[in-house]
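Here is the structure we will look at.
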Amino acid sequence: MEQKIKTVVVQTPGDIGYLHRIREFIAGMATEAGIEQHEIDNIELAVDEACTNVIEHGYAHDDSNKELTIRLEIDSSKLVLTVIDRARPFNILQYEPRDINDLKTEGRDGGLGIRLIKHIMDEIDYQIKDDGQNELIMTKYFTPGT
Amino acid sequence: MRKLNIAIDAISGSTITKVTVQGFLDAHTVPEMEKVIQDLIQTGKYKIIVDFKELSYISSAGLGVFMSVIGDVKNNDGDIVLMDMPPKIYKVFDLLGFTEIFTIVDNEQAAVQAFA
């Protein structure tokens with residue numbers, strides 16, 4: 001019987017060099033919880049895209065206090081992935097993805113990561129806390145058999 | 001473990017260059033890939049095949065590299081043909097609708113023919 005993990009938290013510097021370690025950790029925990037591989041692939045991508053957005057668009061390059069905290073909570077019905085930072089707030093929910101043909105001519109990513117997160121996760125919530133922390137809360141519900 | 005390995009080979013008897021990627025393409029490793037592709041374009045090599053067989057992961061940053069050069073190569077009678085994608089990699093392109101924008105093939109023969 002697969003052991004359900006309750007909550008795990010990982011904190012890293014806000015540096016893109018750590019992305020693969022974050023992905024490995026989150027994917028590893030999801031595997032241990034018995035989540036199906038294609039869902040693990042999706043979650044790995046969502047956490048990467050969310051963290052990359054914070055690092056590249058939130059924190060200033062010379063900010064010496066950049067940190068990322070990723071919390072993963074799994075129960076029998078859902079998985080909740082929360083990315084917490086202290087960067088400039090960026091509310092993904094207010095972002096309007098540009099048309100894909102614009103991307104082709106403009107040659108920039110223009111929020112591809114945000115588009116992916118919205119495809120992958122069932123619910124997204126963004127909260128700016130009074131203590132200066134931003135939380136991006138992404139939820140994926142399990143359908144029977146996942 | 002090297003994070004991203006890139007190998008470049010000329011396809012003999014053609015003006016096509018094959019770029020083989022191994023490892024992962026995320027925001028951290030993408031600059032290396034960008035440099036390789038930009039170097040090819042700047043030396044007039046506009047016909048490019050990218051072999052994905054040994055790529056274990058790609059994020060939107062990786063897709064962004066290809067999006068940023070597709071215009072350039074096509075404007076110079078070239079293309080970037082994407083080859084032999086593992087299902088996990090293909091899925092990311094598919095989620096974003098990029099499978100409609102790029103030529104994606106299973107093998108080198110099909111890739112070379114795509115330039116014909």
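Following the order of the structure tokens, chains are lettered A, B, ..., residues in each are numbered from 1, and ligands are numbered from 1.
Contacts from chain B to chain A at a cut-off of 6 Å (only C-alpha atoms) map to His28, Ser60, Gly64, Met67 and Ser68 of chain B.
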Output file for the selection above: N, CA and C atoms, as an mmCIF file, in the first residue's frame:
```
data_model
loop_
_atom_site.group_PDB
_atom_site.id
_atom_site.type_symbol
_atom_site.label_atom_id
_atom_site.label_comp_id
_atom_site.auth_asym_id
_atom_site.auth_seq_id
_atom_site.Cartn_x
_atom_site.Cartn_y
_atom_site.Cartn_z
ATOM 1 N N HIS B 28 17.935 27.400 -16.501
ATOM 2 C CA HIS B 28 19.357 27.441 -16.178
ATOM 3 C C HIS B 28 20.234 26.988 -17.341
ATOM 4 N N SER B 60 9.190 25.673 -20.423
ATOM 5 C CA SER B 60 8.841 26.699 -21.415
ATOM 6 C C SER B 60 10.073 27.493 -21.843
ATOM 7 N N GLY B 64 10.999 28.348 -25.621
ATOM 8 C CA GLY B 64 11.224 29.736 -25.998
ATOM 9 C C GLY B 64 12.429 29.905 -26.916
ATOM 10 N N MET B 67 11.230 28.990 -30.368
ATOM 11 C CA MET B 67 10.308 30.021 -30.855
ATOM 12 C C MET B 67 11.059 31.267 -31.299
ATOM 13 N N SER B 68 12.130 31.589 -30.600
ATOM 14 C CA SER B 68 12.815 32.848 -30.886
ATOM 15 C C SER B 68 13.603 32.801 -32.186
#
```
Apply DSSP to the structure's backbone, then extract all residues of chain A labelled strand (DSSP E) and return them as a ChimeraX atom specification. /A:7-13,67-74,78-85,123-128,134-141
For the selection you just gave me, I'd like the residues written to a file as a PDB file, in the first residue's frame, keeping C-alpha atoms.
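Result saved to out-v4.pdb:
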```pdb
ATOM      1  CA  THR A   7       3.339  17.879   3.937  1.00  0.00           C
ATOM      2  CA  VAL A   8       6.891  18.406   2.800  1.00  0.00           C
ATOM      3  CA  VAL A   9       8.686  21.705   2.474  1.00  0.00           C
ATOM      4  CA  VAL A  10      11.858  22.584   0.621  1.00  0.00           C
ATOM      5  CA  GLN A  11      13.622  25.936   0.757  1.00  0.00           C
ATOM      6  CA  THR A  12      16.334  26.971  -1.655  1.00  0.00           C
ATOM      7  CA  PRO A  13      18.079  30.133  -2.756  1.00  0.00           C
ATOM      8  CA  GLU A  67      14.683  32.540  -1.219  1.00  0.00           C
ATOM      9  CA  LEU A  68      12.101  30.162  -2.484  1.00  0.00           C
ATOM     10  CA  THR A  69       9.990  27.911  -0.346  1.00  0.00           C
ATOM     11  CA  ILE A  70       8.007  25.149  -1.942  1.00  0.00           C
ATOM     12  CA  ARG A  71       5.393  23.286   0.040  1.00  0.00           C
ATOM     13  CA  LEU A  72       3.807  20.079  -1.182  1.00  0.00           C
ATOM     14  CA  GLU A  73       0.725  18.706   0.502  1.00  0.00           C
ATOM     15  CA  ILE A  74      -0.836  15.479  -0.687  1.00  0.00           C
ATOM     16  CA  LYS A  78      -5.670  16.268  -4.139  1.00  0.00           C
ATOM     17  CA  LEU A  79      -2.194  17.683  -4.267  1.00  0.00           C
ATOM     18  CA  VAL A  80      -1.461  21.276  -3.289  1.00  0.00           C
ATOM     19  CA  LEU A  81       1.770  22.877  -4.427  1.00  0.00           C
ATOM     20  CA  THR A  82       2.573  26.256  -2.903  1.00  0.00           C
ATOM     21  CA  VAL A  83       5.467  28.460  -4.004  1.00  0.00           C
ATOM     22  CA  ILE A  84       6.332  31.124  -1.444  1.00  0.00           C
ATOM     23  CA  ASP A  85       8.634  34.068  -2.017  1.00  0.00           C
ATOM     24  CA  GLU A 123      -7.027  25.651  -9.284  1.00  0.00           C
ATOM     25  CA  ILE A 124      -4.625  28.527  -8.838  1.00  0.00           C
ATOM     26  CA  ASP A 125      -4.722  31.096  -6.077  1.00  0.00           C
ATOM     27  CA  TYR A 126      -2.327  33.963  -5.429  1.00  0.00           C
ATOM     28  CA  GLN A 127      -2.081  35.590  -2.043  1.00  0.00           C
ATOM     29  CA  ILE A 128       0.005  38.557  -0.937  1.00  0.00           C
ATOM     30  CA  ASN A 134       3.644  35.990  -1.731  1.00  0.00           C
ATOM     31  CA  GLU A 135       2.052  32.590  -2.095  1.00  0.00           C
ATOM     32  CA  LEU A 136       1.131  30.916  -5.344  1.00  0.00           C
ATOM     33  CA  ILE A 137      -1.124  28.012  -4.430  1.00  0.00           C
ATOM     34  CA  MET A 138      -1.716  25.433  -7.141  1.00  0.00           C
ATOM     35  CA  THR A 139      -4.098  22.523  -6.649  1.00  0.00           C
ATOM     36  CA  LYS A 140      -4.500  19.357  -8.658  1.00  0.00           C
ATOM     37  CA  TYR A 141      -7.421  17.064  -7.928  1.00  0.00           C
TER      38      TYR A 141
END
```
Could you pull the residues within 12 Å of B:Tyr90, counting only C-alpha atoms, minus those fewer than 2 positions along the same chain, as a ChimeraX atom specification? /A:41 /B:52-53,55-59,63,82-88,92-100,102-106
Just-selected residues, N, CA and C atoms written as an mmCIF file, in the first residue's frame:
```
data_model
loop_
_atom_site.group_PDB
_atom_site.id
_atom_site.type_symbol
_atom_site.label_atom_id
_atom_site.label_comp_id
_atom_site.auth_asym_id
_atom_site.auth_seq_id
_atom_site.Cartn_x
_atom_site.Cartn_y
_atom_site.Cartn_z
ATOM 1 N N ASP A 41 4.961 14.178 -13.991
ATOM 2 C CA ASP A 41 5.595 15.015 -15.021
ATOM 3 C C ASP A 41 4.952 16.406 -15.043
ATOM 4 N N PHE B 52 16.036 15.039 -29.965
ATOM 5 C CA PHE B 52 15.619 15.099 -28.569
ATOM 6 C C PHE B 52 15.682 13.763 -27.840
ATOM 7 N N LYS B 53 16.147 12.739 -28.520
ATOM 8 C CA LYS B 53 16.018 11.398 -27.947
ATOM 9 C C LYS B 53 16.520 11.299 -26.503
ATOM 10 N N LEU B 55 16.875 13.785 -24.308
ATOM 11 C CA LEU B 55 16.509 14.905 -23.428
ATOM 12 C C LEU B 55 15.471 14.402 -22.430
ATOM 13 N N SER B 56 15.750 14.623 -21.149
ATOM 14 C CA SER B 56 14.863 14.067 -20.123
ATOM 15 C C SER B 56 13.810 15.050 -19.650
ATOM 16 N N TYR B 57 14.000 16.348 -19.959
ATOM 17 C CA TYR B 57 13.070 17.347 -19.447
ATOM 18 C C TYR B 57 13.189 18.625 -20.251
ATOM 19 N N ILE B 58 12.051 19.275 -20.478
ATOM 20 C CA ILE B 58 12.065 20.606 -21.085
ATOM 21 C C ILE B 58 10.995 21.459 -20.439
ATOM 22 N N SER B 59 11.317 22.727 -20.216
ATOM 23 C CA SER B 59 10.308 23.651 -19.696
ATOM 24 C C SER B 59 10.036 24.714 -20.763
ATOM 25 N N LEU B 63 11.362 25.745 -24.846
ATOM 26 C CA LEU B 63 10.512 26.008 -26.010
ATOM 27 C C LEU B 63 10.754 27.419 -26.539
ATOM 28 N N LEU B 82 12.302 19.208 -35.436
ATOM 29 C CA LEU B 82 12.478 18.595 -34.125
ATOM 30 C C LEU B 82 12.259 17.080 -34.256
ATOM 31 N N MET B 83 13.197 16.340 -33.751
ATOM 32 C CA MET B 83 13.231 14.908 -34.058
ATOM 33 C C MET B 83 13.247 14.019 -32.819
ATOM 34 N N ASP B 84 12.547 12.891 -32.901
ATOM 35 C CA ASP B 84 12.669 11.798 -31.936
ATOM 36 C C ASP B 84 12.401 12.243 -30.487
ATOM 37 N N MET B 85 11.249 12.878 -30.303
ATOM 38 C CA MET B 85 10.927 13.381 -28.968
ATOM 39 C C MET B 85 10.373 12.285 -28.073
ATOM 40 N N PRO B 86 10.913 12.131 -26.876
ATOM 41 C CA PRO B 86 10.248 11.260 -25.905
ATOM 42 C C PRO B 86 8.846 11.824 -25.611
ATOM 43 N N PRO B 87 7.887 10.984 -25.251
ATOM 44 C CA PRO B 87 6.516 11.448 -24.993
ATOM 45 C C PRO B 87 6.434 12.598 -23.992
ATOM 46 N N LYS B 88 7.266 12.553 -22.969
ATOM 47 C CA LYS B 88 7.228 13.604 -21.938
ATOM 48 C C LYS B 88 7.588 14.967 -22.548
ATOM 49 N N VAL B 92 4.842 18.642 -23.666
ATOM 50 C CA VAL B 92 4.991 20.068 -23.346
ATOM 51 C C VAL B 92 4.736 20.909 -24.604
ATOM 52 N N PHE B 93 5.275 20.477 -25.716
ATOM 53 C CA PHE B 93 5.012 21.169 -26.992
ATOM 54 C C PHE B 93 3.520 21.125 -27.310
ATOM 55 N N ASP B 94 2.918 19.979 -27.053
ATOM 56 C CA ASP B 94 1.508 19.784 -27.379
ATOM 57 C C ASP B 94 0.608 20.658 -26.512
ATOM 58 N N LEU B 95 0.927 20.737 -25.226
ATOM 59 C CA LEU B 95 0.134 21.553 -24.289
ATOM 60 C C LEU B 95 0.060 23.002 -24.739
ATOM 61 N N LEU B 96 1.118 23.467 -25.378
ATOM 62 C CA LEU B 96 1.170 24.864 -25.795
ATOM 63 C C LEU B 96 0.760 25.076 -27.243
ATOM 64 N N GLY B 97 0.394 23.972 -27.930
ATOM 65 C CA GLY B 97 0.014 24.114 -29.335
ATOM 66 C C GLY B 97 1.193 24.253 -30.274
ATOM 67 N N PHE B 98 2.387 23.989 -29.799
ATOM 68 C CA PHE B 98 3.578 24.149 -30.630
ATOM 69 C C PHE B 98 3.739 23.038 -31.640
ATOM 70 N N THR B 99 2.988 21.967 -31.465
ATOM 71 C CA THR B 99 3.072 20.878 -32.432
ATOM 72 C C THR B 99 2.492 21.317 -33.774
ATOM 73 N N GLU B 100 1.734 22.413 -33.764
ATOM 74 C CA GLU B 100 1.200 22.963 -35.019
ATOM 75 C C GLU B 100 2.217 23.897 -35.679
ATOM 76 N N PHE B 102 5.811 23.736 -35.239
ATOM 77 C CA PHE B 102 7.082 23.108 -35.591
ATOM 78 C C PHE B 102 6.862 21.828 -36.367
ATOM 79 N N THR B 103 7.840 21.494 -37.210
ATOM 80 C CA THR B 103 7.850 20.191 -37.864
ATOM 81 C C THR B 103 8.487 19.210 -36.894
ATOM 82 N N ILE B 104 7.731 18.199 -36.503
ATOM 83 C CA ILE B 104 8.200 17.227 -35.511
ATOM 84 C C ILE B 104 8.149 15.857 -36.165
ATOM 85 N N VAL B 105 9.284 15.181 -36.189
ATOM 86 C CA VAL B 105 9.381 13.891 -36.883
ATOM 87 C C VAL B 105 9.995 12.839 -35.969
ATOM 88 N N ASP B 106 9.920 11.589 -36.444
ATOM 89 C CA ASP B 106 10.382 10.489 -35.592
ATOM 90 C C ASP B 106 11.847 10.123 -35.770
#
```
Check the DSSP output for the backbone and give back, as a short mmCIF file (atom, residue, chain, number, x, y, z; two decimals) with N, CA and C atoms, in the first residue's frame, the residues of stretch 20-61 of chain A in alpha helix (DSSP H).
```
data_model
loop_
_atom_site.label_atom_id
_atom_site.label_comp_id
_atom_site.auth_asym_id
_atom_site.auth_seq_id
_atom_site.Cartn_x
_atom_site.Cartn_y
_atom_site.Cartn_z
N HIS A 20 16.55 22.25 -10.91
CA HIS A 20 16.51 20.80 -11.12
C HIS A 20 16.44 20.05 -9.80
N ARG A 21 17.04 20.61 -8.75
CA ARG A 21 16.95 19.96 -7.43
C ARG A 21 15.54 20.06 -6.89
N ILE A 22 14.89 21.20 -7.11
CA ILE A 22 13.50 21.36 -6.68
C ILE A 22 12.63 20.35 -7.42
N ARG A 23 12.84 20.25 -8.73
CA ARG A 23 12.05 19.29 -9.52
C ARG A 23 12.24 17.87 -9.02
N GLU A 24 13.50 17.50 -8.78
CA GLU A 24 13.81 16.14 -8.31
C GLU A 24 13.10 15.87 -6.99
N PHE A 25 13.17 16.82 -6.09
CA PHE A 25 12.58 16.64 -4.78
C PHE A 25 11.07 16.47 -4.87
N ILE A 26 10.43 17.37 -5.58
CA ILE A 26 8.97 17.32 -5.68
C ILE A 26 8.53 16.06 -6.42
N ALA A 27 9.22 15.73 -7.50
CA ALA A 27 8.86 14.52 -8.25
C ALA A 27 9.08 13.27 -7.40
N GLY A 28 10.16 13.27 -6.63
CA GLY A 28 10.45 12.14 -5.76
C GLY A 28 9.37 11.94 -4.70
N MET A 29 8.95 13.02 -4.10
CA MET A 29 7.90 12.93 -3.07
C MET A 29 6.58 12.48 -3.69
N ALA A 30 6.27 12.99 -4.87
CA ALA A 30 5.03 12.60 -5.53
C ALA A 30 5.07 11.12 -5.92
N THR A 31 6.23 10.65 -6.34
CA THR A 31 6.39 9.22 -6.66
C THR A 31 6.12 8.36 -5.44
N GLU A 32 6.70 8.75 -4.31
CA GLU A 32 6.50 7.99 -3.07
C GLU A 32 5.06 7.99 -2.63
N GLN A 37 2.76 8.51 -13.12
CA GLN A 37 3.90 9.19 -13.72
C GLN A 37 3.51 10.42 -14.55
N HIS A 38 2.44 10.35 -15.33
CA HIS A 38 2.13 11.50 -16.18
C HIS A 38 1.72 12.71 -15.34
N GLU A 39 1.11 12.44 -14.18
CA GLU A 39 0.77 13.54 -13.27
C GLU A 39 2.04 14.09 -12.62
N ILE A 40 2.97 13.21 -12.31
CA ILE A 40 4.23 13.66 -11.73
C ILE A 40 4.95 14.57 -12.72
N ASP A 41 4.96 14.18 -13.99
CA ASP A 41 5.59 15.02 -15.02
C ASP A 41 4.95 16.41 -15.04
N ASN A 42 3.64 16.44 -14.95
CA ASN A 42 2.92 17.72 -14.96
C ASN A 42 3.28 18.59 -13.75
N ILE A 43 3.33 17.95 -12.60
CA ILE A 43 3.61 18.69 -11.36
C ILE A 43 5.04 19.21 -11.37
N GLU A 44 5.94 18.41 -11.88
CA GLU A 44 7.34 18.80 -12.02
C GLU A 44 7.43 20.06 -12.89
N LEU A 45 6.71 20.08 -13.96
CA LEU A 45 6.71 21.23 -14.87
C LEU A 45 6.08 22.45 -14.18
N ALA A 46 4.97 22.24 -13.49
CA ALA A 46 4.30 23.37 -12.83
C ALA A 46 5.19 24.01 -11.78
N VAL A 47 5.86 23.19 -10.98
CA VAL A 47 6.71 23.78 -9.93
C VAL A 47 7.89 24.53 -10.56
N ASP A 48 8.44 23.97 -11.60
CA ASP A 48 9.55 24.63 -12.32
C ASP A 48 9.09 25.97 -12.86
N GLU A 49 7.99 25.99 -13.57
CA GLU A 49 7.52 27.23 -14.20
C GLU A 49 7.21 28.29 -13.14
N ALA A 50 6.59 27.85 -12.03
CA ALA A 50 6.25 28.82 -10.97
C ALA A 50 7.52 29.39 -10.35
N CYS A 51 8.48 28.55 -10.05
CA CYS A 51 9.73 29.01 -9.44
C CYS A 51 10.52 29.88 -10.41
N THR A 52 10.57 29.48 -11.66
CA THR A 52 11.30 30.26 -12.66
C THR A 52 10.71 31.67 -12.76
N ASN A 53 9.41 31.76 -12.76
CA ASN A 53 8.77 33.08 -12.84
C ASN A 53 9.15 33.98 -11.68
#
```
Would you list the contacts of B:Asp77 as a list in words, taking every protein, DNA or RNA residue within 12 Å and counting only C-alpha atoms, but skipping same-chain residues closer than 6 positions in sequence?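 Returned residues: Thr15, Ile16, Ile41, Gly44, Lys45, Tyr46, Lys47, Ile48, Ile70, Gly71, Phe115 and Ala116 of chain B.
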Quick one: pull the distance between atom CA of B:Met33 and atom CA of B:Asp51, Å, one decimal.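 Separation between atom CA of B:Met33 and atom CA of B:Asp51: 12.7 Å.
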